[in-house]
file data_27.txt (compact mmCIF, N, CA and C atoms)
# COMPACT_ATOMS: atom_id res chain seq x y z
N MET T 1 -38.07 28.99 -64.66
CA MET T 1 -39.16 28.63 -63.79
C MET T 1 -38.64 27.75 -62.67
N ILE T 2 -39.23 27.88 -61.50
CA ILE T 2 -38.83 27.09 -60.33
C ILE T 2 -39.55 25.74 -60.40
N ILE T 3 -38.77 24.67 -60.29
CA ILE T 3 -39.39 23.34 -60.30
C ILE T 3 -39.27 22.62 -58.97
N GLY T 4 -38.54 23.21 -58.03
CA GLY T 4 -38.45 22.59 -56.72
C GLY T 4 -37.73 23.47 -55.73
N VAL T 5 -38.18 23.41 -54.46
CA VAL T 5 -37.57 24.16 -53.37
C VAL T 5 -37.48 23.23 -52.17
N GLY T 6 -36.36 23.27 -51.46
CA GLY T 6 -36.22 22.47 -50.26
C GLY T 6 -35.29 23.14 -49.27
N ALA T 7 -35.55 22.91 -48.00
CA ALA T 7 -34.70 23.45 -46.93
C ALA T 7 -34.53 22.38 -45.87
N ASP T 8 -33.40 22.43 -45.17
CA ASP T 8 -33.19 21.50 -44.07
C ASP T 8 -32.29 22.14 -43.03
N LEU T 9 -32.58 21.82 -41.79
CA LEU T 9 -31.79 22.25 -40.65
C LEU T 9 -31.26 20.99 -39.98
N CYS T 10 -29.95 20.93 -39.78
CA CYS T 10 -29.31 19.74 -39.24
C CYS T 10 -28.54 20.11 -37.97
N ASP T 11 -28.62 19.25 -36.97
CA ASP T 11 -27.90 19.46 -35.72
C ASP T 11 -26.47 18.93 -35.88
N ILE T 12 -25.50 19.81 -35.80
CA ILE T 12 -24.10 19.42 -35.97
C ILE T 12 -23.69 18.38 -34.94
N ARG T 13 -24.24 18.47 -33.74
CA ARG T 13 -23.91 17.50 -32.69
C ARG T 13 -24.36 16.09 -33.08
N ARG T 14 -25.47 15.99 -33.77
CA ARG T 14 -25.96 14.68 -34.24
C ARG T 14 -25.00 14.07 -35.26
N ILE T 15 -24.50 14.91 -36.15
CA ILE T 15 -23.53 14.44 -37.14
C ILE T 15 -22.23 14.03 -36.45
N GLN T 16 -21.79 14.82 -35.47
CA GLN T 16 -20.57 14.47 -34.72
C GLN T 16 -20.75 13.12 -34.03
N THR T 17 -21.90 12.86 -33.47
CA THR T 17 -22.18 11.57 -32.82
C THR T 17 -22.08 10.43 -33.84
N SER T 18 -22.63 10.63 -35.03
CA SER T 18 -22.55 9.60 -36.08
C SER T 18 -21.12 9.39 -36.53
N LEU T 19 -20.35 10.47 -36.66
CA LEU T 19 -18.94 10.34 -37.03
C LEU T 19 -18.17 9.59 -35.96
N ASP T 20 -18.43 9.91 -34.69
CA ASP T 20 -17.74 9.23 -33.59
C ASP T 20 -18.12 7.75 -33.52
N ARG T 21 -19.37 7.46 -33.74
CA ARG T 21 -19.86 6.09 -33.58
C ARG T 21 -19.55 5.20 -34.79
N PHE T 22 -19.75 5.76 -36.01
CA PHE T 22 -19.64 4.93 -37.21
C PHE T 22 -18.46 5.30 -38.11
N GLY T 23 -17.84 6.45 -37.90
CA GLY T 23 -16.64 6.86 -38.63
C GLY T 23 -16.75 6.73 -40.14
N ASP T 24 -15.78 6.02 -40.71
CA ASP T 24 -15.70 5.91 -42.17
C ASP T 24 -16.92 5.22 -42.78
N ARG T 25 -17.57 4.35 -42.03
CA ARG T 25 -18.76 3.67 -42.55
C ARG T 25 -19.88 4.68 -42.81
N PHE T 26 -20.07 5.62 -41.89
CA PHE T 26 -21.06 6.68 -42.07
C PHE T 26 -20.68 7.57 -43.24
N LYS T 27 -19.42 7.97 -43.29
CA LYS T 27 -18.95 8.83 -44.38
C LYS T 27 -19.14 8.17 -45.74
N ALA T 28 -18.76 6.90 -45.84
CA ALA T 28 -18.84 6.19 -47.13
C ALA T 28 -20.29 5.98 -47.57
N ARG T 29 -21.19 5.83 -46.60
CA ARG T 29 -22.58 5.58 -46.95
C ARG T 29 -23.29 6.84 -47.43
N CYS T 30 -22.94 7.98 -46.84
CA CYS T 30 -23.71 9.20 -47.08
C CYS T 30 -23.04 10.24 -47.97
N PHE T 31 -21.72 10.19 -48.10
CA PHE T 31 -21.02 11.29 -48.75
C PHE T 31 -20.16 10.81 -49.91
N THR T 32 -20.06 11.66 -50.93
CA THR T 32 -19.21 11.35 -52.08
C THR T 32 -17.74 11.50 -51.70
N GLU T 33 -16.88 11.00 -52.54
CA GLU T 33 -15.45 11.12 -52.30
C GLU T 33 -15.02 12.58 -52.23
N ILE T 34 -15.58 13.41 -53.10
CA ILE T 34 -15.27 14.85 -53.10
C ILE T 34 -15.69 15.49 -51.79
N GLU T 35 -16.87 15.15 -51.31
CA GLU T 35 -17.35 15.71 -50.04
C GLU T 35 -16.47 15.27 -48.87
N ARG T 36 -16.08 14.01 -48.87
CA ARG T 36 -15.24 13.50 -47.78
C ARG T 36 -13.88 14.19 -47.79
N ALA T 37 -13.29 14.35 -48.96
CA ALA T 37 -11.97 14.99 -49.05
C ALA T 37 -12.04 16.43 -48.54
N ARG T 38 -13.07 17.15 -48.94
CA ARG T 38 -13.20 18.55 -48.52
C ARG T 38 -13.47 18.65 -47.02
N SER T 39 -14.39 17.84 -46.51
CA SER T 39 -14.77 17.91 -45.10
C SER T 39 -13.64 17.46 -44.18
N ASP T 40 -12.92 16.42 -44.58
CA ASP T 40 -11.85 15.89 -43.72
C ASP T 40 -10.67 16.86 -43.59
N ARG T 41 -10.55 17.83 -44.50
CA ARG T 41 -9.49 18.84 -44.40
C ARG T 41 -9.82 19.93 -43.38
N LYS T 42 -11.08 20.02 -42.99
CA LYS T 42 -11.52 21.09 -42.08
C LYS T 42 -11.17 20.75 -40.64
N PRO T 43 -10.83 21.77 -39.83
CA PRO T 43 -10.54 21.51 -38.41
C PRO T 43 -11.78 21.00 -37.66
N ASP T 44 -12.95 21.47 -38.04
CA ASP T 44 -14.21 21.00 -37.45
C ASP T 44 -14.99 20.28 -38.53
N ALA T 45 -14.57 19.07 -38.85
CA ALA T 45 -15.15 18.30 -39.95
C ALA T 45 -16.65 18.10 -39.79
N ALA T 46 -17.13 17.93 -38.57
CA ALA T 46 -18.56 17.69 -38.35
C ALA T 46 -19.41 18.84 -38.89
N TRP T 47 -18.90 20.07 -38.78
CA TRP T 47 -19.64 21.23 -39.30
C TRP T 47 -19.81 21.10 -40.81
N SER T 48 -18.73 20.75 -41.50
CA SER T 48 -18.77 20.59 -42.94
C SER T 48 -19.68 19.44 -43.36
N TYR T 49 -19.55 18.32 -42.66
CA TYR T 49 -20.41 17.17 -42.96
C TYR T 49 -21.88 17.51 -42.70
N ALA T 50 -22.16 18.25 -41.65
CA ALA T 50 -23.55 18.60 -41.32
C ALA T 50 -24.17 19.47 -42.41
N LYS T 51 -23.40 20.43 -42.94
CA LYS T 51 -23.93 21.27 -44.02
C LYS T 51 -24.22 20.43 -45.26
N ARG T 52 -23.35 19.48 -45.56
CA ARG T 52 -23.56 18.62 -46.73
C ARG T 52 -24.74 17.67 -46.51
N PHE T 53 -24.89 17.18 -45.31
CA PHE T 53 -26.02 16.32 -44.97
C PHE T 53 -27.33 17.11 -45.15
N ALA T 54 -27.36 18.34 -44.64
CA ALA T 54 -28.54 19.19 -44.79
C ALA T 54 -28.82 19.48 -46.26
N ALA T 55 -27.77 19.68 -47.06
CA ALA T 55 -27.95 19.94 -48.48
C ALA T 55 -28.61 18.76 -49.18
N LYS T 56 -28.23 17.55 -48.83
CA LYS T 56 -28.83 16.36 -49.43
C LYS T 56 -30.31 16.25 -49.06
N GLU T 57 -30.63 16.50 -47.79
CA GLU T 57 -32.03 16.48 -47.34
C GLU T 57 -32.84 17.55 -48.08
N ALA T 58 -32.28 18.76 -48.18
CA ALA T 58 -32.97 19.85 -48.87
C ALA T 58 -33.16 19.53 -50.35
N CYS T 59 -32.16 18.93 -50.96
CA CYS T 59 -32.26 18.56 -52.38
C CYS T 59 -33.34 17.50 -52.59
N ALA T 60 -33.38 16.50 -51.72
CA ALA T 60 -34.40 15.46 -51.83
C ALA T 60 -35.80 16.06 -51.71
N LYS T 61 -35.95 17.06 -50.85
CA LYS T 61 -37.23 17.75 -50.73
C LYS T 61 -37.55 18.54 -51.99
N ALA T 62 -36.54 19.21 -52.55
CA ALA T 62 -36.75 19.97 -53.78
C ALA T 62 -37.12 19.06 -54.95
N LEU T 63 -36.57 17.85 -54.95
CA LEU T 63 -36.92 16.87 -55.99
C LEU T 63 -38.31 16.31 -55.78
N GLY T 64 -38.84 16.47 -54.57
CA GLY T 64 -40.17 15.95 -54.25
C GLY T 64 -40.18 14.49 -53.87
N THR T 65 -39.00 13.93 -53.62
CA THR T 65 -38.91 12.50 -53.32
C THR T 65 -38.67 12.22 -51.85
N GLY T 66 -38.03 13.15 -51.14
CA GLY T 66 -37.52 12.81 -49.83
C GLY T 66 -36.44 11.75 -50.03
N MET T 67 -36.02 11.14 -48.94
CA MET T 67 -34.97 10.12 -49.04
C MET T 67 -35.60 8.74 -49.25
N ARG T 68 -36.26 8.60 -50.37
CA ARG T 68 -36.88 7.33 -50.76
C ARG T 68 -37.05 7.35 -52.27
N ARG T 69 -37.81 6.43 -52.78
CA ARG T 69 -38.03 6.33 -54.22
C ARG T 69 -36.70 6.18 -54.95
N ASP T 70 -35.83 5.37 -54.42
CA ASP T 70 -34.55 5.08 -55.06
C ASP T 70 -33.61 6.28 -55.16
N VAL T 71 -33.83 7.32 -54.37
CA VAL T 71 -32.88 8.44 -54.30
C VAL T 71 -32.02 8.18 -53.08
N TYR T 72 -30.71 8.08 -53.30
CA TYR T 72 -29.78 7.71 -52.25
C TYR T 72 -28.87 8.89 -51.90
N TRP T 73 -28.30 8.82 -50.69
CA TRP T 73 -27.44 9.89 -50.19
C TRP T 73 -26.35 10.26 -51.18
N LYS T 74 -25.66 9.26 -51.72
CA LYS T 74 -24.51 9.55 -52.58
C LYS T 74 -24.92 9.92 -54.01
N ASP T 75 -26.24 9.93 -54.30
CA ASP T 75 -26.73 10.41 -55.59
C ASP T 75 -26.72 11.94 -55.66
N MET T 76 -26.50 12.57 -54.51
CA MET T 76 -26.48 14.03 -54.42
C MET T 76 -25.19 14.43 -53.72
N GLY T 77 -24.37 15.20 -54.42
CA GLY T 77 -23.09 15.59 -53.83
C GLY T 77 -22.86 17.08 -53.94
N VAL T 78 -22.45 17.69 -52.85
CA VAL T 78 -22.12 19.11 -52.86
C VAL T 78 -20.76 19.26 -53.54
N VAL T 79 -20.72 20.11 -54.53
CA VAL T 79 -19.48 20.46 -55.22
C VAL T 79 -19.38 21.98 -55.25
N ASN T 80 -18.18 22.47 -55.38
CA ASN T 80 -17.98 23.91 -55.43
C ASN T 80 -17.54 24.33 -56.82
N LEU T 81 -18.15 25.39 -57.32
CA LEU T 81 -17.75 25.97 -58.60
C LEU T 81 -16.37 26.61 -58.44
N SER T 82 -15.75 26.99 -59.52
CA SER T 82 -14.42 27.60 -59.43
C SER T 82 -14.45 28.87 -58.58
N SER T 83 -15.60 29.52 -58.49
CA SER T 83 -15.75 30.73 -57.67
C SER T 83 -15.83 30.40 -56.18
N GLY T 84 -16.00 29.11 -55.85
CA GLY T 84 -16.17 28.69 -54.47
C GLY T 84 -17.63 28.47 -54.11
N GLN T 85 -18.53 28.97 -54.95
CA GLN T 85 -19.97 28.83 -54.70
C GLN T 85 -20.37 27.35 -54.70
N PRO T 86 -21.13 26.93 -53.68
CA PRO T 86 -21.56 25.54 -53.65
C PRO T 86 -22.76 25.30 -54.56
N THR T 87 -22.82 24.10 -55.10
CA THR T 87 -23.98 23.63 -55.85
C THR T 87 -24.05 22.12 -55.64
N LEU T 88 -24.98 21.48 -56.28
CA LEU T 88 -25.13 20.04 -56.14
C LEU T 88 -24.95 19.37 -57.49
N ALA T 89 -24.24 18.26 -57.48
CA ALA T 89 -24.11 17.40 -58.66
C ALA T 89 -24.94 16.15 -58.37
N LEU T 90 -25.87 15.85 -59.26
CA LEU T 90 -26.74 14.69 -59.08
C LEU T 90 -26.32 13.56 -60.01
N THR T 91 -26.40 12.35 -59.50
CA THR T 91 -26.11 11.15 -60.28
C THR T 91 -27.21 10.13 -60.00
N GLY T 92 -27.15 9.01 -60.68
CA GLY T 92 -28.05 7.91 -60.41
C GLY T 92 -29.52 8.29 -60.50
N HIS T 93 -30.30 7.76 -59.56
CA HIS T 93 -31.75 7.98 -59.57
C HIS T 93 -32.12 9.43 -59.31
N ALA T 94 -31.32 10.16 -58.55
CA ALA T 94 -31.61 11.58 -58.32
C ALA T 94 -31.53 12.34 -59.64
N ALA T 95 -30.51 12.05 -60.44
CA ALA T 95 -30.36 12.71 -61.75
C ALA T 95 -31.50 12.32 -62.68
N GLU T 96 -31.90 11.06 -62.64
CA GLU T 96 -33.02 10.60 -63.47
C GLU T 96 -34.31 11.31 -63.07
N HIS T 97 -34.53 11.45 -61.78
CA HIS T 97 -35.75 12.13 -61.31
C HIS T 97 -35.72 13.60 -61.72
N LEU T 98 -34.56 14.25 -61.61
CA LEU T 98 -34.44 15.64 -62.03
C LEU T 98 -34.74 15.78 -63.52
N ALA T 99 -34.26 14.84 -64.31
CA ALA T 99 -34.51 14.89 -65.76
C ALA T 99 -36.02 14.79 -66.05
N ARG T 100 -36.73 13.97 -65.28
CA ARG T 100 -38.18 13.85 -65.47
C ARG T 100 -38.91 15.13 -65.06
N LEU T 101 -38.40 15.83 -64.07
CA LEU T 101 -39.02 17.08 -63.61
C LEU T 101 -38.77 18.25 -64.56
N THR T 102 -37.67 18.20 -65.30
CA THR T 102 -37.27 19.32 -66.14
C THR T 102 -38.08 19.34 -67.43
N PRO T 103 -38.79 20.44 -67.69
CA PRO T 103 -39.60 20.52 -68.91
C PRO T 103 -38.73 20.44 -70.18
N GLN T 104 -39.31 19.90 -71.21
CA GLN T 104 -38.61 19.80 -72.50
C GLN T 104 -38.22 21.21 -72.95
N GLY T 105 -37.03 21.33 -73.53
CA GLY T 105 -36.53 22.61 -73.98
C GLY T 105 -35.88 23.43 -72.87
N HIS T 106 -35.67 22.81 -71.71
CA HIS T 106 -35.05 23.48 -70.57
C HIS T 106 -33.91 22.64 -70.03
N ARG T 107 -33.07 23.28 -69.24
CA ARG T 107 -32.02 22.57 -68.53
C ARG T 107 -32.12 22.93 -67.05
N PRO T 108 -31.81 21.99 -66.18
CA PRO T 108 -31.92 22.29 -64.75
C PRO T 108 -30.71 23.07 -64.25
N HIS T 109 -30.96 23.93 -63.29
CA HIS T 109 -29.90 24.65 -62.59
C HIS T 109 -30.23 24.59 -61.11
N ILE T 110 -29.27 24.12 -60.31
CA ILE T 110 -29.50 23.97 -58.87
C ILE T 110 -28.77 25.07 -58.12
N HIS T 111 -29.55 25.83 -57.35
CA HIS T 111 -29.01 26.87 -56.47
C HIS T 111 -28.93 26.27 -55.07
N LEU T 112 -27.83 26.50 -54.39
CA LEU T 112 -27.64 25.97 -53.04
C LEU T 112 -26.98 27.04 -52.18
N THR T 113 -27.50 27.21 -51.00
CA THR T 113 -26.83 28.04 -50.01
C THR T 113 -26.70 27.23 -48.73
N LEU T 114 -25.54 27.38 -48.09
CA LEU T 114 -25.23 26.66 -46.85
C LEU T 114 -24.86 27.67 -45.78
N SER T 115 -25.23 27.36 -44.55
CA SER T 115 -24.86 28.23 -43.44
C SER T 115 -24.77 27.39 -42.17
N ASP T 116 -24.07 27.92 -41.19
CA ASP T 116 -24.02 27.23 -39.90
C ASP T 116 -23.91 28.26 -38.78
N GLU T 117 -24.48 27.90 -37.68
CA GLU T 117 -24.38 28.64 -36.43
C GLU T 117 -24.55 27.57 -35.36
N HIS T 118 -23.42 27.22 -34.75
CA HIS T 118 -23.44 26.08 -33.84
C HIS T 118 -24.61 26.19 -32.86
N PRO T 119 -25.39 25.17 -32.71
CA PRO T 119 -25.17 23.78 -33.10
C PRO T 119 -25.88 23.36 -34.39
N TYR T 120 -26.25 24.32 -35.24
CA TYR T 120 -27.04 23.95 -36.42
C TYR T 120 -26.34 24.27 -37.73
N ALA T 121 -26.68 23.47 -38.74
CA ALA T 121 -26.25 23.70 -40.11
C ALA T 121 -27.53 23.80 -40.95
N LEU T 122 -27.53 24.69 -41.91
CA LEU T 122 -28.70 24.97 -42.72
C LEU T 122 -28.36 24.85 -44.20
N ALA T 123 -29.29 24.29 -44.96
CA ALA T 123 -29.14 24.26 -46.42
C ALA T 123 -30.47 24.64 -47.05
N PHE T 124 -30.38 25.40 -48.12
CA PHE T 124 -31.56 25.81 -48.88
C PHE T 124 -31.27 25.55 -50.35
N VAL T 125 -32.19 24.83 -51.01
CA VAL T 125 -32.02 24.44 -52.41
C VAL T 125 -33.19 24.96 -53.24
N VAL T 126 -32.87 25.55 -54.38
CA VAL T 126 -33.87 25.92 -55.37
C VAL T 126 -33.44 25.28 -56.68
N ILE T 127 -34.34 24.51 -57.28
CA ILE T 127 -34.07 23.91 -58.59
C ILE T 127 -34.85 24.70 -59.62
N GLU T 128 -34.12 25.24 -60.57
CA GLU T 128 -34.70 26.10 -61.60
C GLU T 128 -34.54 25.42 -62.96
N ALA T 129 -35.53 25.60 -63.81
CA ALA T 129 -35.45 25.14 -65.20
C ALA T 129 -35.20 26.36 -66.07
N LEU T 130 -34.06 26.36 -66.76
CA LEU T 130 -33.68 27.47 -67.63
C LEU T 130 -33.88 27.07 -69.08
N PRO T 131 -34.40 27.98 -69.91
CA PRO T 131 -34.57 27.65 -71.33
C PRO T 131 -33.23 27.37 -72.00
N LEU T 132 -33.21 26.40 -72.90
CA LEU T 132 -32.00 26.13 -73.68
C LEU T 132 -31.76 27.31 -74.62
N SER T 133 -30.52 27.69 -74.78
CA SER T 133 -30.19 28.83 -75.65
C SER T 133 -29.98 28.39 -77.06

call {"tool": "encode", "arguments": {"input": "data_27.txt", "output": "structure tokens"}}
result
Amino acid sequence: MIIGVGADLCDIRRIQTSLDRFGDRFKARCFTEIERARSDRKPDAAWSYAKRFAAKEACAKALGTGMRRDVYWKDMGVVNLSSGQPTLALTGHAAEHLARLTPQGHRPHIHLTLSDEHPYALAFVVIEALPLS
């Protein structure tokens, strides 16, 4: 069963401006170590950061919290499965909120898709509750 859906569109130029203005302070505030390592390896790091920023916004919408109620940027991190497929790993208050949303006898599964077409980055999140086997 679907327990949350969220989408976000982010302007890559806005992220580039934040990177230029605040640099590591912006990265450390909003992104996990894994996200920073992956994005900093890219020739156009702002594109990668923008997709991850959009994913966090979309996830917060899917959780029904937005970026408040003690859900913080670094509580949601884009990680890649061994296949390369992106998903989100939640920690802290975001993970606690997800646990409250997940019906008993189910486990959460987060679907994430990312895309970009300059100057925009897009993320779409679906949070599904799967029955325990």

call {"tool": "closest_residue", "arguments": {"input": "data_27.txt", "among": "T:Ile12, T:Leu81, T:Ala60, T:Ala89", "to": "Tyr120 of chain T", "atoms": "only N, CA and C atoms"}}
result
T:Ile12

call {"tool": "residues_around", "arguments": {"input": "data_27.txt", "residues": "segment 22-37 of chain T", "least_positions_apart": "5", "cutoff": "8 Å", "atoms": "only N, CA and C atoms", "output": "ChimeraX atom specification"}}
result
/T:16-17,42,48-49,52-53,72-79

call {"tool": "write_last_selection", "arguments": {"input": "data_27.txt", "atoms": "N, CA and C atoms", "output": "compact mmCIF listing (two decimals), keeping the file's coordinate frame"}}
result
# COMPACT_ATOMS: atom_id res chain seq x y z
N GLN T 16 -21.79 14.82 -35.47
CA GLN T 16 -20.57 14.47 -34.72
C GLN T 16 -20.75 13.12 -34.03
N THR T 17 -21.90 12.86 -33.47
CA THR T 17 -22.18 11.57 -32.82
C THR T 17 -22.08 10.43 -33.84
N LYS T 42 -11.08 20.02 -42.99
CA LYS T 42 -11.52 21.09 -42.08
C LYS T 42 -11.17 20.75 -40.64
N SER T 48 -18.73 20.75 -41.50
CA SER T 48 -18.77 20.59 -42.94
C SER T 48 -19.68 19.44 -43.36
N TYR T 49 -19.55 18.32 -42.66
CA TYR T 49 -20.41 17.17 -42.96
C TYR T 49 -21.88 17.51 -42.70
N ARG T 52 -23.35 19.48 -45.56
CA ARG T 52 -23.56 18.62 -46.73
C ARG T 52 -24.74 17.67 -46.51
N PHE T 53 -24.89 17.18 -45.31
CA PHE T 53 -26.02 16.32 -44.97
C PHE T 53 -27.33 17.11 -45.15
N TYR T 72 -30.71 8.08 -53.30
CA TYR T 72 -29.78 7.71 -52.25
C TYR T 72 -28.87 8.89 -51.90
N TRP T 73 -28.30 8.82 -50.69
CA TRP T 73 -27.44 9.89 -50.19
C TRP T 73 -26.35 10.26 -51.18
N LYS T 74 -25.66 9.26 -51.72
CA LYS T 74 -24.51 9.55 -52.58
C LYS T 74 -24.92 9.92 -54.01
N ASP T 75 -26.24 9.93 -54.30
CA ASP T 75 -26.73 10.41 -55.59
C ASP T 75 -26.72 11.94 -55.66
N MET T 76 -26.50 12.57 -54.51
CA MET T 76 -26.48 14.03 -54.42
C MET T 76 -25.19 14.43 -53.72
N GLY T 77 -24.37 15.20 -54.42
CA GLY T 77 -23.09 15.59 -53.83
C GLY T 77 -22.86 17.08 -53.94
N VAL T 78 -22.45 17.69 -52.85
CA VAL T 78 -22.12 19.11 -52.86
C VAL T 78 -20.76 19.26 -53.54
N VAL T 79 -20.72 20.11 -54.53
CA VAL T 79 -19.48 20.46 -55.22
C VAL T 79 -19.38 21.98 -55.25

call {"tool": "select_by_dssp", "arguments": {"input": "data_27.txt", "residues": "chain T", "states": "helix (DSSP H, G or I)", "output": "count of residues only"}}
result
58

call {"tool": "residues_near_point", "arguments": {"input": "data_27.txt", "point": "(-23.9, 22.1, -62.8)", "cutoff": "8 Å", "atoms": "only C-alpha atoms", "output": "ChimeraX atom specification"}}
result
/T:87-89,109-110

call {"tool": "atom_distance", "arguments": {"input": "data_27.txt", "atom1": "atom CA of Gly4 of chain T", "atom2": "atom CA of Leu63 of chain T"}}
result
6.0 Å

call {"tool": "atom_distance", "arguments": {"input": "data_27.txt", "atom1": "atom N of Pro86 of chain T", "atom2": "atom C of Leu130 of chain T"}}
result
20.0 Å

call {"tool": "residues_around", "arguments": {"input": "data_27.txt", "residues": "Ala62 of chain T", "least_positions_apart": "2", "cutoff": "9 Å", "atoms": "only C-alpha atoms", "output": "count of residues only"}}
result
15

call {"tool": "atom_distance", "arguments": {"input": "data_27.txt", "atom1": "atom C of Arg21 of chain T", "atom2": "atom CA of Lys51 of chain T"}}
result
19.0 Å

call {"tool": "residues_around", "arguments": {"input": "data_27.txt", "residues": "Val71 of chain T", "least_positions_apart": "4", "cutoff": "6 Å", "atoms": "all atoms listed in the file", "output": "JSON, numbers by chain"}}
result
{"T": [67, 93, 94]}

call {"tool": "closest_residue", "arguments": {"input": "data_27.txt", "among": "T:Leu90, T:Leu9, T:Met1, T:Ala46", "to": "Glu128 of chain T", "atoms": "only C-alpha atoms"}}
result
T:Met1

call {"tool": "select_by_dssp", "arguments": {"input": "data_27.txt", "residues": "segment 49-129 of chain T", "states": "strand (DSSP E)", "output": "MDAnalysis selection string"}}
result
chainID T and resid 76:80 86:90 106:117 120:129

call {"tool": "closest_residue", "arguments": {"input": "data_27.txt", "among": "T:Pro119, T:Ala54, T:Leu114, T:Gly105", "to": "Ser133 of chain T", "atoms": "only N, CA and C atoms"}}
result
T:Gly105

call {"tool": "closest_residue", "arguments": {"input": "data_27.txt", "among": "T:Ala129, T:Ser83, T:Asp11, T:His118", "to": "Thr102 of chain T", "atoms": "all atoms listed in the file"}}
result
T:Ala129

call {"tool": "closest_residue", "arguments": {"input": "data_27.txt", "among": "T:Ser39, T:Trp47, T:Cys10, T:Pro131", "to": "Gln104 of chain T", "atoms": "only C-alpha atoms"}}
result
T:Pro131

call {"tool": "decode", "arguments": {"input": "data_27.txt", "residues": "segment 96-109 of chain T", "atoms": "N, CA, C and O atoms", "output": "CSV table (one decimal), in the first residue's frame"}}
result
chain,number,residue,atom,x,y,z
T,96,GLU,N,12.0,8.0,12.4
T,96,GLU,CA,11.0,7.9,13.4
T,96,GLU,C,9.6,8.2,12.9
T,96,GLU,O,8.6,7.4,13.1
T,97,HIS,N,9.5,9.2,12.1
T,97,HIS,CA,8.2,9.6,11.5
T,97,HIS,C,7.8,8.5,10.5
T,97,HIS,O,6.6,8.1,10.5
T,98,LEU,N,8.7,7.9,9.7
T,98,LEU,CA,8.4,6.9,8.8
T,98,LEU,C,7.9,5.6,9.5
T,98,LEU,O,6.9,5.0,9.1
T,99,ALA,N,8.5,5.3,10.7
T,99,ALA,CA,8.1,4.2,11.5
T,99,ALA,C,6.6,4.4,12.0
T,99,ALA,O,5.9,3.4,12.0
T,100,ARG,N,6.3,5.6,12.3
T,100,ARG,CA,4.9,5.9,12.8
T,100,ARG,C,3.9,5.8,11.6
T,100,ARG,O,2.8,5.4,11.9
T,101,LEU,N,4.3,6.1,10.4
T,101,LEU,CA,3.4,6.0,9.3
T,101,LEU,C,3.2,4.5,8.8
T,101,LEU,O,2.2,4.2,8.2
T,102,THR,N,4.2,3.7,9.1
T,102,THR,CA,4.2,2.3,8.5
T,102,THR,C,3.2,1.5,9.4
T,102,THR,O,3.4,1.3,10.6
T,103,PRO,N,2.2,0.9,8.8
T,103,PRO,CA,1.3,0.0,9.5
T,103,PRO,C,2.0,-1.2,10.1
T,103,PRO,O,3.0,-1.7,9.6
T,104,GLN,N,1.4,-1.6,11.3
T,104,GLN,CA,2.0,-2.8,11.9
T,104,GLN,C,1.9,-4.0,11.0
T,104,GLN,O,1.0,-4.1,10.2
T,105,GLY,N,2.9,-4.8,11.0
T,105,GLY,CA,3.0,-6.0,10.1
T,105,GLY,C,3.5,-5.7,8.7
T,105,GLY,O,3.4,-6.5,7.8
T,106,HIS,N,4.0,-4.4,8.5
T,106,HIS,CA,4.6,-4.0,7.2
T,106,HIS,C,6.0,-3.4,7.4
T,106,HIS,O,6.3,-3.1,8.5
T,107,ARG,N,6.7,-3.3,6.3
T,107,ARG,CA,7.9,-2.6,6.3
T,107,ARG,C,7.9,-1.6,5.2
T,107,ARG,O,7.3,-1.8,4.2
T,108,PRO,N,8.6,-0.5,5.5
T,108,PRO,CA,8.6,0.6,4.4
T,108,PRO,C,9.6,0.3,3.3
T,108,PRO,O,10.6,-0.3,3.5
T,109,HIS,N,9.2,0.7,2.1
T,109,HIS,CA,10.1,0.7,1.0
T,109,HIS,C,10.0,2.0,0.3
T,109,HIS,O,8.9,2.4,-0.1
